[in-house]
$ cat final33.cif   # mmCIF, C-alpha atoms
data_run
#
loop_
_atom_site.label_atom_id
_atom_site.label_comp_id
_atom_site.auth_asym_id
_atom_site.auth_seq_id
_atom_site.Cartn_x
_atom_site.Cartn_y
_atom_site.Cartn_z
CA MET A 21 98.78 73.34 14.97
CA ARG A 22 95.76 74.25 12.84
CA LEU A 23 97.72 73.56 9.64
CA SER A 24 99.21 70.27 10.81
CA PRO A 25 96.67 68.10 8.88
CA VAL A 26 97.57 69.94 5.67
CA ILE A 27 101.29 69.61 6.42
CA LEU A 28 100.83 65.90 7.12
CA THR A 29 98.99 65.46 3.80
CA VAL A 30 101.76 67.22 1.86
CA VAL A 31 104.51 65.21 3.59
CA ILE A 32 102.80 61.86 2.95
CA ALA A 33 102.02 62.69 -0.69
CA SER A 34 105.60 63.91 -1.28
CA LEU A 35 107.10 60.78 0.26
CA ALA A 36 104.73 58.56 -1.72
CA TYR A 37 105.78 60.28 -4.97
CA ALA A 38 109.52 60.39 -4.19
CA THR A 39 109.99 56.83 -2.89
CA PRO A 40 109.68 53.48 -4.66
CA PRO A 41 106.12 52.11 -4.93
CA GLU A 42 107.08 49.17 -2.70
CA VAL A 43 107.40 51.51 0.32
CA ALA A 44 103.72 52.50 -0.11
CA PHE A 45 103.71 55.74 1.91
CA SER A 46 100.35 56.45 0.25
CA ARG A 47 98.67 54.06 2.69
CA LEU A 48 99.24 56.68 5.42
CA LEU A 49 96.93 59.23 3.76
CA PRO A 50 93.90 58.29 5.95
CA ALA A 51 95.85 59.70 8.93
CA ALA A 52 95.37 63.27 7.66
CA PRO A 53 91.53 63.46 7.99
CA ALA A 54 91.79 61.57 11.29
CA LEU A 55 94.09 64.31 12.62
CA ALA A 56 91.84 67.04 11.21
CA ALA A 57 88.89 65.75 13.26
CA ALA A 58 90.72 66.75 16.45
CA MET A 59 90.92 70.45 15.51
CA TRP A 60 88.78 71.25 12.47
CA PRO A 61 85.00 71.57 11.89
CA VAL A 62 83.13 68.92 9.94
CA LEU A 63 83.21 70.49 6.45
CA PRO A 64 86.99 71.18 6.29
CA THR A 65 87.60 67.66 7.58
CA VAL A 66 85.50 66.18 4.77
CA LEU A 67 87.21 68.42 2.23
CA LEU A 68 90.66 67.28 3.36
CA GLY A 69 89.52 63.65 3.12
CA THR A 70 88.33 64.35 -0.43
CA VAL A 71 91.71 65.90 -1.29
CA CYS A 72 93.47 62.82 0.07
CA LEU A 73 91.20 60.61 -2.04
CA PHE A 74 92.06 62.50 -5.23
CA LEU A 75 95.77 62.44 -4.31
CA MET A 76 95.55 58.66 -4.00
CA ILE A 77 93.88 58.42 -7.39
CA GLY A 78 96.57 60.64 -8.91
CA LEU A 79 99.37 58.56 -7.36
CA SER A 80 97.79 55.41 -8.79
CA LEU A 81 98.06 56.91 -12.27
CA VAL A 82 101.79 57.49 -11.75
CA PHE A 83 102.46 54.24 -9.92
CA PRO A 84 100.07 51.49 -11.01
CA GLY A 85 99.61 48.62 -8.61
CA LEU A 86 99.55 50.63 -5.35
CA GLY A 87 96.41 48.93 -4.09
CA THR A 88 94.47 52.09 -4.86
CA TRP A 89 91.00 50.81 -4.11
CA TRP A 90 91.94 49.42 -0.70
CA THR A 91 93.61 52.69 0.31
CA ALA A 92 90.80 54.77 -1.21
CA SER A 93 88.26 52.75 0.77
CA GLY A 94 90.29 53.38 3.92
CA ILE A 95 90.35 57.13 3.22
CA ILE A 96 86.58 57.22 2.73
CA ALA A 97 85.89 55.21 5.89
CA VAL A 98 88.28 57.29 8.02
CA THR A 99 86.88 60.56 6.62
CA VAL A 100 83.32 59.56 7.52
CA ALA A 101 84.41 58.55 11.02
CA ALA A 102 86.48 61.75 11.34
CA ALA A 103 83.52 63.90 10.31
CA TYR A 104 81.37 62.29 13.00
CA GLY A 105 84.16 62.69 15.56
CA SER A 106 84.52 66.35 14.66
CA HIS A 107 80.77 66.85 15.11
CA VAL A 108 80.82 65.22 18.57
CA ARG A 109 83.87 67.27 19.59
CA LEU A 110 82.19 70.52 18.57
CA GLN A 111 79.09 69.63 20.57
CA ARG A 112 81.20 68.98 23.67
CA GLU A 113 83.11 72.21 23.18
CA ARG A 114 79.82 74.13 23.03
CA THR A 115 78.67 72.40 26.23
CA LEU A 116 81.96 73.24 27.95
CA PHE A 117 81.64 76.84 26.81
CA GLN A 118 78.17 77.07 28.36
CA VAL A 119 79.46 75.50 31.59
CA ARG A 120 82.23 78.09 31.71
CA LEU A 121 79.72 80.88 31.21
CA VAL A 122 77.76 79.57 34.19
CA ALA A 123 80.98 79.24 36.20
CA ASP A 124 81.91 82.82 35.31
CA ALA A 125 78.50 83.99 36.50
CA ALA A 126 78.94 82.04 39.74
CA GLN A 127 82.38 83.52 40.18
CA GLN A 128 80.93 87.01 39.85
CA VAL A 129 78.65 86.15 42.78
CA VAL A 130 81.31 84.60 45.01
CA LEU A 131 84.22 86.79 43.89
CA SER A 132 82.64 90.02 42.76
CA PRO A 133 84.85 92.61 41.02
CA MET A 134 86.26 95.17 43.40
CA PRO A 135 87.91 98.56 43.03
CA ARG A 136 91.68 98.69 43.23
CA ARG A 137 91.58 101.67 45.55
CA PHE A 138 89.71 102.35 48.80
CA GLY A 139 90.82 105.79 49.89
CA SER A 140 94.50 105.47 50.78
CA VAL A 141 94.39 101.66 50.60
CA GLU A 142 95.45 100.09 47.30
CA ILE A 143 94.35 96.47 46.75
CA ASP A 144 94.55 93.85 44.01
CA SER A 145 93.50 90.20 43.85
CA LEU A 146 94.57 86.93 42.24
CA TYR A 147 92.47 83.81 41.78
CA LEU A 148 93.32 80.51 40.09
CA ALA A 149 91.11 77.43 40.32
CA ALA A 150 92.72 73.99 40.30
CA ALA A 151 89.65 72.66 38.43
CA ALA A 152 90.42 74.58 35.25
CA GLU A 153 87.19 73.50 33.54
CA ALA A 154 85.13 74.95 36.38
CA ARG A 155 87.28 78.10 36.75
CA ILE A 156 86.11 78.49 40.33
CA GLY A 157 86.78 76.57 43.51
CA GLY A 158 86.68 76.68 47.28
CA ASP A 159 89.00 79.64 47.88
CA PHE A 160 87.31 82.99 48.43
CA TYR A 161 87.99 86.61 49.26
CA GLU A 162 86.11 89.88 49.63
CA VAL A 163 86.92 93.52 50.42
CA VAL A 164 84.40 96.12 51.63
CA ASP A 165 84.76 99.73 52.71
CA THR A 166 82.78 100.31 55.91
CA ARG A 167 82.46 103.06 58.52
CA TYR A 168 84.90 101.06 60.67
CA GLY A 169 87.53 100.93 57.94
CA VAL A 170 88.40 98.73 54.99
CA ARG A 171 87.65 95.12 55.90
CA LEU A 172 89.11 92.15 54.06
CA LEU A 173 88.26 88.47 54.06
CA ILE A 174 90.22 85.60 52.57
CA GLY A 175 89.62 81.92 53.19
CA ASP A 176 89.62 78.38 51.95
CA VAL A 177 86.84 75.78 52.15
CA ARG A 178 88.07 72.23 52.57
CA GLY A 179 87.92 70.64 49.13
CA LYS A 180 88.10 72.13 45.67
CA GLY A 181 86.06 72.56 42.53
CA LEU A 182 82.32 73.07 42.29
CA PRO A 183 81.33 71.13 45.47
CA ALA A 184 83.05 73.81 47.58
CA VAL A 185 81.52 76.79 45.79
CA GLY A 186 78.25 76.79 47.75
CA ALA A 187 80.03 76.81 51.11
CA ALA A 188 82.31 79.62 49.95
CA ALA A 189 79.34 81.64 48.69
CA ALA A 190 77.54 81.30 52.04
CA ILE A 191 80.58 82.65 53.89
CA VAL A 192 81.23 85.52 51.47
CA ASN A 193 77.59 86.62 51.42
CA SER A 194 77.50 86.57 55.22
CA PHE A 195 80.67 88.70 55.34
CA ARG A 196 79.17 91.26 52.96
CA GLU A 197 76.34 91.82 55.42
CA ALA A 198 78.21 91.44 58.72
CA ALA A 199 81.16 93.65 57.76
CA TYR A 200 78.88 96.68 57.49
CA GLY A 201 76.82 96.04 60.61
CA GLU A 202 79.19 94.60 63.21
CA ALA A 203 81.46 96.92 65.17
CA ASP A 204 84.35 94.47 65.65
CA LEU A 205 85.92 91.52 63.85
CA VAL A 206 84.95 89.04 66.58
CA SER A 207 81.26 89.66 65.87
CA VAL A 208 81.92 89.35 62.15
CA ALA A 209 83.69 86.01 62.68
CA ARG A 210 80.79 84.67 64.74
CA ARG A 211 78.39 85.61 61.94
CA LEU A 212 80.56 83.79 59.41
CA ASP A 213 80.74 80.71 61.59
CA ALA A 214 76.95 80.69 62.04
CA SER A 215 76.39 80.98 58.28
CA SER A 216 78.89 78.21 57.55
CA THR A 217 77.25 75.96 60.15
CA ARG A 218 73.75 76.55 58.72
CA TYR A 219 74.90 75.86 55.18
CA ASN A 220 76.66 72.63 56.12
CA ALA A 221 73.62 71.48 58.07
CA ALA A 222 71.40 72.10 55.03
CA PHE A 223 73.88 70.62 52.53
CA PRO A 224 76.02 68.08 54.40
CA PRO A 225 79.25 66.99 52.72
CA GLU A 226 79.60 63.56 51.20
CA GLY A 227 81.64 61.14 53.27
CA PRO A 228 82.60 61.13 56.94
CA MET A 229 84.86 64.18 56.85
CA GLU A 230 83.47 67.43 58.28
CA ARG A 231 83.38 70.43 55.95
CA PHE A 232 85.14 73.46 57.42
CA ALA A 233 86.89 76.59 56.23
CA THR A 234 89.89 78.61 57.26
CA ALA A 235 89.46 82.37 57.19
CA LEU A 236 91.47 85.52 57.78
CA LEU A 237 89.74 88.80 58.68
CA VAL A 238 91.61 92.10 58.38
CA GLU A 239 90.51 95.61 59.28
CA ILE A 240 92.42 98.70 58.14
CA PRO A 241 91.10 101.86 59.82
CA HIS A 242 90.60 104.84 57.54
CA GLU A 243 93.36 106.74 59.34
CA GLY A 244 95.77 103.87 58.61
CA ARG A 245 98.94 103.23 60.63
CA ARG A 246 97.71 99.88 61.95
CA ILE A 247 95.82 96.77 60.99
CA GLU A 248 93.72 94.36 63.02
CA ILE A 249 93.83 90.67 62.15
CA LEU A 250 91.61 87.79 63.28
CA ASN A 251 93.00 84.46 62.10
CA CYS A 252 90.72 81.40 61.99
CA GLY A 253 93.31 78.74 61.24
CA HIS A 254 94.51 80.44 58.05
CA PRO A 255 98.12 80.85 56.85
CA PRO A 256 99.52 84.07 58.40
CA PRO A 257 99.81 87.06 56.06
CA LEU A 258 103.21 88.40 55.05
CA LEU A 259 104.12 92.05 55.66
CA LEU A 260 106.96 93.56 53.65
CA ASN A 261 108.28 96.74 55.28
CA ARG A 262 111.13 98.15 53.22
CA ASP A 263 113.60 95.23 53.26
CA GLU A 264 112.11 93.42 56.27
CA LEU A 265 109.62 90.59 55.87
CA ARG A 266 107.41 89.47 58.77
CA ALA A 267 104.84 86.71 59.04
CA LEU A 268 101.99 88.12 61.13
CA GLU A 269 101.36 85.11 63.32
CA PRO A 270 98.34 85.18 65.65
CA THR A 271 98.85 85.29 69.41
CA THR A 272 96.20 82.59 69.78
CA PRO A 273 94.59 80.95 66.72
CA SER A 274 90.84 81.37 66.50
CA PRO A 275 88.59 78.39 65.64
CA LEU A 276 88.03 77.42 62.03
CA LEU A 277 84.63 78.22 60.56
CA ASN A 278 82.02 75.54 61.33
CA LEU A 279 84.13 74.19 64.23
CA ALA A 280 83.44 76.81 66.91
CA GLU A 281 80.76 74.64 68.52
CA LEU A 282 83.28 71.82 68.89
CA ILE A 283 86.35 73.69 70.13
CA GLY A 284 84.83 76.90 71.52
CA ASP A 285 84.26 80.34 70.03
CA HIS A 286 87.24 82.11 71.59
CA TYR A 287 88.46 84.66 69.07
CA THR A 288 91.65 86.75 69.25
CA ILE A 289 92.36 90.02 67.45
CA ASP A 290 96.00 91.01 66.93
CA THR A 291 97.05 94.56 66.05
CA PHE A 292 100.11 95.32 63.94
CA ALA A 293 101.72 98.48 62.60
CA PHE A 294 100.93 99.25 58.98
CA ALA A 295 102.81 102.26 57.65
CA PRO A 296 102.53 103.94 54.24
CA GLY A 297 104.49 101.96 51.67
CA ASP A 298 104.13 98.64 53.53
CA LEU A 299 102.99 95.74 51.38
CA LEU A 300 100.68 93.09 52.86
CA LEU A 301 100.08 89.74 51.17
CA LEU A 302 97.08 87.59 52.14
CA TYR A 303 97.03 84.15 50.53
CA THR A 304 95.56 80.67 50.70
CA ASP A 305 97.59 77.51 51.27
CA GLY A 306 97.47 76.60 47.59
CA ILE A 307 100.26 79.13 47.04
CA ALA A 308 102.59 77.96 49.81
CA GLU A 309 101.91 74.32 48.90
CA ALA A 310 102.43 74.64 45.15
CA ARG A 311 104.95 71.94 44.23
CA ALA A 312 107.78 71.73 41.76
CA ARG A 313 108.43 68.55 39.82
CA ASP A 314 110.81 67.32 42.55
CA GLY A 315 108.07 67.77 45.19
CA GLY A 316 109.47 70.91 46.82
CA PHE A 317 107.05 73.59 48.03
CA PHE A 318 107.03 77.08 46.60
CA PRO A 319 109.31 79.23 48.83
CA LEU A 320 106.79 82.01 49.34
CA ALA A 321 108.54 83.83 52.19
CA ALA A 322 111.90 83.82 50.39
CA TRP A 323 110.20 84.94 47.17
CA MET A 324 108.37 87.76 48.95
CA SER A 325 111.52 89.02 50.64
CA GLN A 326 113.21 89.40 47.26
CA GLN A 327 110.48 91.57 45.74
CA PRO A 328 111.31 95.22 45.11
CA PRO A 329 108.95 98.02 46.21
CA THR A 330 106.03 97.70 43.84
CA THR A 331 102.28 98.04 43.49
CA PRO A 332 99.85 95.27 44.56
CA HIS A 333 98.99 94.61 40.92
CA GLU A 334 102.61 94.15 39.89
CA LEU A 335 103.32 91.96 42.91
CA LEU A 336 100.47 89.57 42.08
CA MET A 337 101.40 89.52 38.40
CA ALA A 338 104.91 88.43 39.37
CA LEU A 339 103.51 85.88 41.84
CA HIS A 340 101.22 84.43 39.18
CA ARG A 341 104.06 84.15 36.68
CA ASP A 342 106.54 82.60 39.12
CA LEU A 343 103.97 80.15 40.53
CA LEU A 344 103.15 78.77 37.09
CA ARG A 345 106.83 78.60 36.23
CA TYR A 346 107.69 76.82 39.50
CA SER A 347 104.89 74.26 39.22
CA ARG A 348 105.24 73.85 35.44
CA GLY A 349 101.64 75.01 35.07
CA ARG A 350 100.23 72.20 37.24
CA LEU A 351 98.37 73.47 40.30
CA ASP A 352 97.02 70.87 42.74
CA ASP A 353 94.88 73.28 44.75
CA ASP A 354 92.89 76.47 44.30
CA ILE A 355 94.83 79.70 44.77
CA ALA A 356 93.66 83.08 46.03
CA ALA A 357 95.67 86.11 47.12
CA LEU A 358 95.13 89.73 48.07
CA ALA A 359 97.93 92.30 47.97
CA VAL A 360 97.41 95.47 50.01
CA ARG A 361 99.46 98.66 50.20
CA LEU A 362 98.87 101.78 52.24
CA CYS A 363 99.63 104.78 50.06
CA GLU A 364 101.69 107.70 51.30
CA PRO A 365 99.49 110.70 52.15
CA GLU A 366 100.45 113.79 50.19
CA GLY A 367 102.83 116.09 52.02
CA GLU A 368 103.47 113.59 54.82
CA ALA A 369 106.66 111.67 55.47
CA THR A 370 106.71 107.97 56.10
CA PRO A 371 107.38 107.25 59.80
CA GLU A 372 109.49 104.45 61.12
CA ALA A 373 107.41 101.26 61.25
CA PRO A 374 107.65 99.44 64.59
CA GLY A 375 106.73 95.83 65.11
CA ARG A 376 103.52 94.56 66.66
CA VAL A 377 101.69 97.40 68.45
CA ASN A 378 99.64 95.37 70.88
CA ASP A 379 97.70 92.16 71.28
CA THR A 380 94.12 92.01 72.43
#
$ encode --input "final33.cif" --output "structure tokens"
Amino acid sequence: MRLSPVILTVVIASLAYATPPEVAFSRLLPAAPALAAAMWPVLPTVLLGTVCLFLMIGLSLVFPGLGTWWTASGIIAVTVAAAYGSHVRLQRERTLFQVRLVADAAQQVVLSPMPRRFGSVEIDSLYLAAAAEARIGGDFYEVVDTRYGVRLLIGDVRGKGLPAVGAAAAIVNSFREAAYGEADLVSVARRLDASSTRYNAAFPPEGPMERFATALLVEIPHEGRRIEILNCGHPPPLLLNRDELRALEPTTPSPLLNLAELIGDHYTIDTFAFAPGDLLLLYTDGIAEARARDGGFFPLAAWMSQQPPTTPHELLMALHRDLLRYSRGRLDDDIAALAVRLCEPEGEATPEAPGRVNDT
């Protein structure tokens, strides 16, 4: 791609030399500096325009009567315009680079780097923003290791791109504090709802639609063997146990964040078995709703059931690859996912994994 202006210049000059003068391929020479402006800096663009000008002069010596001065004037005019266009493009690229640096810094605040191992719990994450220029959107996640166990949060603020970042940051920052201080997930969820409500009151969304967020809270005790899940209107996680795949549906859905005052703050915690070797996938709806060209949704459950025993990192790498392949690289929504695996303790056999232990 970088050499295409040079290749275009050589092709036009060769055709102009090899064909009769009446065809006048030489009049296409101004296209080369115009193409260079889209990918080259200013000086190389001007140099290529100069080369095209000298080529035109040389062709006029071989084939008199080509209308040299008209074509030469066109080359000069296009080269000047191309140099200016290249300068403007470079300025915009620098601005975009600075915006991405700021977005990266914001992402480090909302989605801070996390270890891949918390004791016997192995975790990895995936994040893709639909607004590629911003590189961050309304999906969020966080993992903290507390005295109550490893606690995970994943959620999705209504909307995408930079307008949803502030609401996501308020929820994540509240979770980072509440997860350490609250003894149960219900109290954590109430803290998240209060933070979301305060933020939306201070920065109301544009338009009549209410801003809300789905969220999924998970607690994995340090001794393992079970997980507790509080689901606030979020897609249910998938649990792969050997060759069996289960969607961990809530007994009763809990209210979405920022809607508890409207529909009541009745929260439900469900407890499920989580044995060593089990693989848990938490995800946002951007994954399940990724579309192929024919409009079909990504078959996440079927895809998950076909995955071999693997690490969280390898699972998310495969998910990333297959999502982009399925959607042809066009994502309509932000995507976030957490893959969790409980490692086998040394010297201990893996027990049979039953279904749901109990509901509270």
$ residues_near_point --input "final33.cif" --point "(88.2, 78.8, 49.2)" --cutoff "7 Å" --atoms "all atoms listed in the file" --output "list in words"
Gly157, Gly158, Asp159, Phe160, Gly175, Asp176, Val177 and Ala188 of chain A
$ write_last_selection --input "final33.cif" --atoms "C-alpha atoms" --output "CSV table (one decimal), in the frame of the given file"
chain,number,residue,atom,x,y,z
A,157,GLY,CA,86.8,76.6,43.5
A,158,GLY,CA,86.7,76.7,47.3
A,159,ASP,CA,89.0,79.6,47.9
A,160,PHE,CA,87.3,83.0,48.4
A,175,GLY,CA,89.6,81.9,53.2
A,176,ASP,CA,89.6,78.4,52.0
A,177,VAL,CA,86.8,75.8,52.2
A,188,ALA,CA,82.3,79.6,50.0
$ resolve_selection --input "final33.cif" --expression "the PyMOL selection byres ((chain A and resi 141) around 10)" --output "VMD selection string"
chain A and resid 136 to 140 142 to 143 170 240 to 242 244 296 360 to 364
$ resolve_selection --input "final33.cif" --expression "the PyMOL selection byres ((chain A and resi 304-308) around 7)" --output "list in words"
Gly175, Asp176, Pro255, Tyr303, Glu309, Ala310, Phe317, Phe318, Pro319, Leu320, Asp353, Asp354, Ile355, Ala356 and Ala357 of chain A
$ resolve_selection --input "final33.cif" --expression "the PyMOL selection byres ((chain A and resi 230) around 12)" --output "MDAnalysis selection string"
chainID A and resid 177:179 216:217 220:221 223:229 231:233 276:279 282
$ closest_residue --input "final33.cif" --among "A:Arg341, A:Arg262, A:Arg210, A:Arg196" --to "Tyr161 (chain A)" --atoms "all atoms listed in the file"
A:Arg196
$ residues_around --input "final33.cif" --residues "Ala102 (chain A)" --least-positions-apart "3" --cutoff "12 Å" --atoms "only C-alpha atoms" --output "short mmCIF file (atom, residue, chain, number, x, y, z; two decimals) with C-alpha atoms, in the coordinates of the input"
data_model
loop_
_atom_site.label_atom_id
_atom_site.label_comp_id
_atom_site.auth_asym_id
_atom_site.auth_seq_id
_atom_site.Cartn_x
_atom_site.Cartn_y
_atom_site.Cartn_z
CA PRO A 50 93.90 58.29 5.95
CA ALA A 51 95.85 59.70 8.93
CA ALA A 52 95.37 63.27 7.66
CA PRO A 53 91.53 63.46 7.99
CA ALA A 54 91.79 61.57 11.29
CA LEU A 55 94.09 64.31 12.62
CA ALA A 56 91.84 67.04 11.21
CA ALA A 57 88.89 65.75 13.26
CA ALA A 58 90.72 66.75 16.45
CA MET A 59 90.92 70.45 15.51
CA TRP A 60 88.78 71.25 12.47
CA PRO A 61 85.00 71.57 11.89
CA VAL A 62 83.13 68.92 9.94
CA LEU A 63 83.21 70.49 6.45
CA PRO A 64 86.99 71.18 6.29
CA THR A 65 87.60 67.66 7.58
CA VAL A 66 85.50 66.18 4.77
CA LEU A 67 87.21 68.42 2.23
CA LEU A 68 90.66 67.28 3.36
CA GLY A 69 89.52 63.65 3.12
CA GLY A 94 90.29 53.38 3.92
CA ILE A 95 90.35 57.13 3.22
CA ILE A 96 86.58 57.22 2.73
CA ALA A 97 85.89 55.21 5.89
CA VAL A 98 88.28 57.29 8.02
CA THR A 99 86.88 60.56 6.62
CA GLY A 105 84.16 62.69 15.56
CA SER A 106 84.52 66.35 14.66
CA HIS A 107 80.77 66.85 15.11
CA VAL A 108 80.82 65.22 18.57
CA ARG A 109 83.87 67.27 19.59
#
$ closest_residue --input "final33.cif" --among "A:Thr166, A:Tyr37, A:Ser132, A:Val71" --to "Val192 (chain A)" --atoms "all atoms listed in the file"
A:Ser132
$ closest_residue --input "final33.cif" --among "A:Trp89, A:Pro41, A:Met21, A:Ser347" --to "Gly315 (chain A)" --atoms "only C-alpha atoms"
A:Ser347
